[in-house]
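Chemist: This structure is in structure tokens; I'll ask about it shortly.
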Amino acid sequence: MVLQKQNFFVSPEELQKQQQYCVQNRELLLARFGHRPKACVFVFGCQQNISDSQRMEGMLQNMGFDFTENIEEADLVLFNSCAVRQHAELRALGNVGGVKHWKAQRPERMILLCGCMVQQPEKAQKIRRSYPYVSILYGTHAIHRLPENIYRFLTTNKKVVDVETSDGTIAEPLPIRRTGVKGWLPVMYGCNNFCTYCIVPYVRGRERSRKPEDIINEAKDMIAAGYKEINLLGQNVNSYGKTLEDSIDFAELLEKINDLPGDFIIRFMTSHPKDCTEKLLETMSRCEKVAKHLHLPVQCGSDRVLKAMNRGYTHEKYLQLIQKAKSLMPNLCITSDIIVGFPGETFEDFEQTLQLTQKVKYSALFTFIFSPREGTPAQKLPDPIDAKEKNRWFQMLVEQQEKISAEITAPYVGQTFRVLCEGKKDNGMYFGRTEGNILIEFPGFDQYINQFVNVTVTQALSFVLRGEVQ
Ligand code: SAH
Ligand code: SF4
């Protein structure tokens, strides 16, 4: 598809105005709370939401906020919601319901609800009515206006709703507060694919790419700040560059980031099979910092269902792509998303999914039962298979995958992997991921966190490896 070269960029004047609101908010917040305010941020959903939250935390920091994970200490709570499945929406709403009492205890406290769920105008109106104690409701397109919306609330003490429908924007640069070991770096926003089950194009707007220099500068900042894993994000990274004046594609961007000096690893998601090129696979195989892991969601193995999903490839085409990828990178780990029980899917269709996943031998699968999303074409389709039957299919797929994952990881015992230690689990074990993105746990020390360690596998369970640091 040829995309229009539309200007999505928010003007520098607008961003400067937001910066001025941050300064004004500092005084207003101090006056409201009587002390330096604290914010508690909850994120639901995907990595893009984590990245958005880090930018919102950057803006809050500019307004003088400190951060806490203990809501009892907080003056402001922010929920960044997801809309991709009903379960995600219910979880976010459950949390908003849970802070009613928290707000009543100290009425000057503020509750902010934002993200994909709120970017649906009808849903936003319903939330406004059902949760009247929420201070500010705003959608994904209003993230960069957070300082202005907080200012409006502080100066009127009236609920603010900012759910503008538009194609979306790119606000560059926004302040950012990074935490954790994994570095999230969006390369593009939105999606134009309109898979028939998916809400994302409606709540995230049109596909739009960031400029390569902005991405590379951010990558350099992350490396300078000590990040050792850079995760490039986009709903369909293979489509990167199409909205830009510069002639650049994702493979070229990947190579430029790979060429930056430093000891770090690059991961990316998500690749759409219809746009995954040989050039990208070759670049992946050549670039030493790019992890040999490909997340290539197939969604279903039946051509009939793939067509109804508007995915743009067939079972056979997908397998050819996998074959090409494996021939270029023999140690490649491949993962996928699968939707079970798309409307009209029969058991014979589902068997095609079982067969495809057998052939590909994914190292891991993210499996979901179809969840009807308001306003998507699939929501209107007849869906005769009942939930119990869909659950049975789902279980069959999960059980098959457990065996395949176990087959893949069994030969890892005795092998040594270079692993970035991400943190410590509740069970006292430290953990990280192999280059292929398989979780590995090992005994260790806090000094390991955010360092590369060589771990020899001692035990392979289907979804996690156990090992010892060398
Ligand atoms: N852009 C990514 C995926 C974004 S959503 C891609 O194209 O692969 C993440 C995953 O959620 C999807 O891959 C899909 O498997 C799942 N998903 C999306 N909409 C869904 C729905 N309505 N019901 C169930 N699963 C869904
Ligand atoms: Fe949704 Fe399809 Fe876009 Fe992925 S590619 S975000 S599944 S519409």
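Every chain in the structure tokens takes a letter, A first, then B, and so on in the order presented; its residues are numbered from 1, and the ligands are numbered from 1 following the presented order.
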Ligand 1: which residues are within 6 Å, counting only C-alpha atoms and all ligand atoms, as a ChimeraX atom specification?
Modeler: /A:84-85,197-198,235-236,270,272,297,299,337-339,368-373
Chemist: Run DSSP on the backbone and give me the residues of range 205-394 of chain A it puts in strand (DSSP E or B), as a ChimeraX atom specification.
Modeler: /A:208-209,229-233,265-269,290,293-295,299,333-340,364-369
Chemist: Quick one: residues within 9 Å of Phe194 in chain A, only C-alpha atoms, excluding same-chain residues fewer than 3 positions away - as a list in words?
Modeler: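 Skipping anything fewer than 3 positions along the chain leaves Cys191, Tyr197, Cys198, Ile199, Val200, Pro201, Tyr202, Met309, Asn310, Arg311 and Thr376 of chain A.
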Chemist: Do you know which residues are at most 10 Å from range 46-62 of chain A counting only C-alpha atoms, after dropping those on the same chain fewer than 4 positions away, and could you put them as an MDAnalysis selection string?
Modeler: chainID A and resid 18:19 21:23 25:26 37:42 66:67 78:82 84 114:116 140 143:147 150 173:179 183:186 188:189 231:235 269
Chemist: I need the helix (DSSP H, G or I) residues of range 131-354 of chain A per DSSP on the backbone, written as a ChimeraX atom specification.
Modeler: /A:140-156,200-204,212-224,237-239,250-258,273-275,278-286,303-308,315-328,347-354
Chemist: So, with only C-alpha atoms and all ligand atoms as the atoms that count, which of A:Thr353, A:Val10, A:Pro377, A:Asn157 lies closest to ligand 2?
Modeler: A:Pro377
Chemist: Might you pull out every residue within 12 Å of Ile408 in chain A, with only C-alpha atoms counted and same-chain residues fewer than 3 positions away left off, and present them as a VMD selection string?
Modeler: chain A and resid 331 to 334 358 360 to 364 401 to 405 411 to 413 436 438 460 to 465
Chemist: Taking 3 positions as the minimum chain separation for residues in the same chain, which residues sit within 10 Å of range 345-351 of chain A when counting only C-alpha atoms? Answer as a PyMOL selection string.
Modeler: chain A and resi 300-306+308+339-342+354-357+383-385+389-390+393-394+396-397
Chemist: Could those residues be written to a file, using N, CA, C and O atoms, as an mmCIF file, in the first residue's frame?
Modeler:
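To be explicit, this is the file written out as again.cif:
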```cif
data_model
loop_
_atom_site.group_PDB
_atom_site.id
_atom_site.type_symbol
_atom_site.label_atom_id
_atom_site.label_comp_id
_atom_site.auth_asym_id
_atom_site.auth_seq_id
_atom_site.Cartn_x
_atom_site.Cartn_y
_atom_site.Cartn_z
ATOM 1 N N CYS A 300 -3.678 -17.710 12.749
ATOM 2 C CA CYS A 300 -4.489 -18.896 12.446
ATOM 3 C C CYS A 300 -3.824 -19.656 11.293
ATOM 4 O O CYS A 300 -3.072 -19.060 10.515
ATOM 5 N N GLY A 301 -4.121 -20.950 11.198
ATOM 6 C CA GLY A 301 -3.501 -21.739 10.131
ATOM 7 C C GLY A 301 -4.427 -21.995 8.953
ATOM 8 O O GLY A 301 -4.017 -22.593 7.956
ATOM 9 N N SER A 302 -5.681 -21.562 9.042
ATOM 10 C CA SER A 302 -6.643 -21.856 7.973
ATOM 11 C C SER A 302 -6.724 -20.685 6.990
ATOM 12 O O SER A 302 -6.941 -19.536 7.401
ATOM 13 N N ASP A 303 -6.563 -20.988 5.710
ATOM 14 C CA ASP A 303 -6.609 -19.919 4.692
ATOM 15 C C ASP A 303 -7.944 -19.187 4.703
ATOM 16 O O ASP A 303 -8.005 -17.985 4.501
ATOM 17 N N ARG A 304 -9.006 -19.960 4.926
ATOM 18 C CA ARG A 304 -10.342 -19.354 4.932
ATOM 19 C C ARG A 304 -10.447 -18.323 6.068
ATOM 20 O O ARG A 304 -10.906 -17.199 5.862
ATOM 21 N N VAL A 305 -9.977 -18.703 7.245
ATOM 22 C CA VAL A 305 -10.055 -17.791 8.393
ATOM 23 C C VAL A 305 -9.072 -16.623 8.216
ATOM 24 O O VAL A 305 -9.400 -15.468 8.509
ATOM 25 N N LEU A 306 -7.885 -16.922 7.685
ATOM 26 C CA LEU A 306 -6.903 -15.838 7.475
ATOM 27 C C LEU A 306 -7.481 -14.765 6.564
ATOM 28 O O LEU A 306 -7.257 -13.575 6.754
ATOM 29 N N ALA A 308 -10.736 -14.153 6.185
ATOM 30 C CA ALA A 308 -11.777 -13.439 6.948
ATOM 31 C C ALA A 308 -11.156 -12.477 7.969
ATOM 32 O O ALA A 308 -11.761 -11.483 8.357
ATOM 33 N N ILE A 339 -5.038 -16.619 17.570
ATOM 34 C CA ILE A 339 -6.401 -16.402 18.064
ATOM 35 C C ILE A 339 -7.198 -17.683 17.805
ATOM 36 O O ILE A 339 -7.256 -18.159 16.671
ATOM 37 N N VAL A 340 -7.774 -18.214 18.857
ATOM 38 C CA VAL A 340 -8.593 -19.425 18.738
ATOM 39 C C VAL A 340 -10.066 -19.008 18.761
ATOM 40 O O VAL A 340 -10.463 -18.170 19.578
ATOM 41 N N GLY A 341 -10.854 -19.575 17.841
ATOM 42 C CA GLY A 341 -12.301 -19.341 17.885
ATOM 43 C C GLY A 341 -12.737 -18.050 17.226
ATOM 44 O O GLY A 341 -13.712 -17.420 17.674
ATOM 45 N N PHE A 342 -12.054 -17.660 16.144
ATOM 46 C CA PHE A 342 -12.531 -16.522 15.346
ATOM 47 C C PHE A 342 -13.939 -16.874 14.841
ATOM 48 O O PHE A 342 -14.218 -18.039 14.537
ATOM 49 N N LEU A 354 -3.289 -26.240 14.306
ATOM 50 C CA LEU A 354 -2.474 -27.252 15.007
ATOM 51 C C LEU A 354 -1.359 -27.753 14.086
ATOM 52 O O LEU A 354 -0.210 -27.894 14.503
ATOM 53 N N GLN A 355 -1.729 -27.978 12.817
ATOM 54 C CA GLN A 355 -0.723 -28.489 11.873
ATOM 55 C C GLN A 355 0.371 -27.468 11.618
ATOM 56 O O GLN A 355 1.555 -27.791 11.582
ATOM 57 N N LEU A 356 -0.039 -26.224 11.414
ATOM 58 C CA LEU A 356 0.958 -25.188 11.129
ATOM 59 C C LEU A 356 1.934 -25.027 12.303
ATOM 60 O O LEU A 356 3.147 -24.958 12.101
ATOM 61 N N THR A 357 1.398 -25.007 13.514
ATOM 62 C CA THR A 357 2.278 -24.795 14.660
ATOM 63 C C THR A 357 3.213 -26.010 14.854
ATOM 64 O O THR A 357 4.357 -25.850 15.269
ATOM 65 N N ASP A 383 -21.229 -16.211 15.240
ATOM 66 C CA ASP A 383 -20.180 -16.903 16.000
ATOM 67 C C ASP A 383 -20.809 -18.108 16.710
ATOM 68 O O ASP A 383 -21.057 -18.069 17.915
ATOM 69 N N PRO A 384 -21.068 -19.187 15.934
ATOM 70 C CA PRO A 384 -21.879 -20.282 16.492
ATOM 71 C C PRO A 384 -21.169 -21.190 17.503
ATOM 72 O O PRO A 384 -21.831 -21.903 18.243
ATOM 73 N N ILE A 385 -19.849 -21.170 17.548
ATOM 74 C CA ILE A 385 -19.153 -22.110 18.457
ATOM 75 C C ILE A 385 -19.191 -21.565 19.887
ATOM 76 O O ILE A 385 -18.832 -20.410 20.119
ATOM 77 N N GLU A 389 -16.469 -25.062 23.862
ATOM 78 C CA GLU A 389 -15.769 -25.714 22.759
ATOM 79 C C GLU A 389 -14.481 -24.944 22.410
ATOM 80 O O GLU A 389 -13.425 -25.530 22.186
ATOM 81 N N LYS A 390 -14.590 -23.628 22.402
ATOM 82 C CA LYS A 390 -13.398 -22.821 22.103
ATOM 83 C C LYS A 390 -12.312 -23.078 23.150
ATOM 84 O O LYS A 390 -11.131 -23.152 22.830
ATOM 85 N N TRP A 393 -10.497 -26.305 22.368
ATOM 86 C CA TRP A 393 -9.493 -26.130 21.310
ATOM 87 C C TRP A 393 -8.251 -25.431 21.865
ATOM 88 O O TRP A 393 -7.120 -25.811 21.585
ATOM 89 N N PHE A 394 -8.522 -24.385 22.649
ATOM 90 C CA PHE A 394 -7.447 -23.598 23.245
ATOM 91 C C PHE A 394 -6.512 -24.513 24.051
ATOM 92 O O PHE A 394 -5.294 -24.470 23.915
ATOM 93 N N MET A 396 -6.138 -27.725 23.707
ATOM 94 C CA MET A 396 -5.410 -28.631 22.800
ATOM 95 C C MET A 396 -4.157 -27.943 22.272
ATOM 96 O O MET A 396 -3.071 -28.533 22.195
ATOM 97 N N LEU A 397 -4.316 -26.688 21.904
ATOM 98 C CA LEU A 397 -3.180 -25.941 21.348
ATOM 99 C C LEU A 397 -2.098 -25.734 22.411
ATOM 100 O O LEU A 397 -0.906 -25.928 22.149
#
```
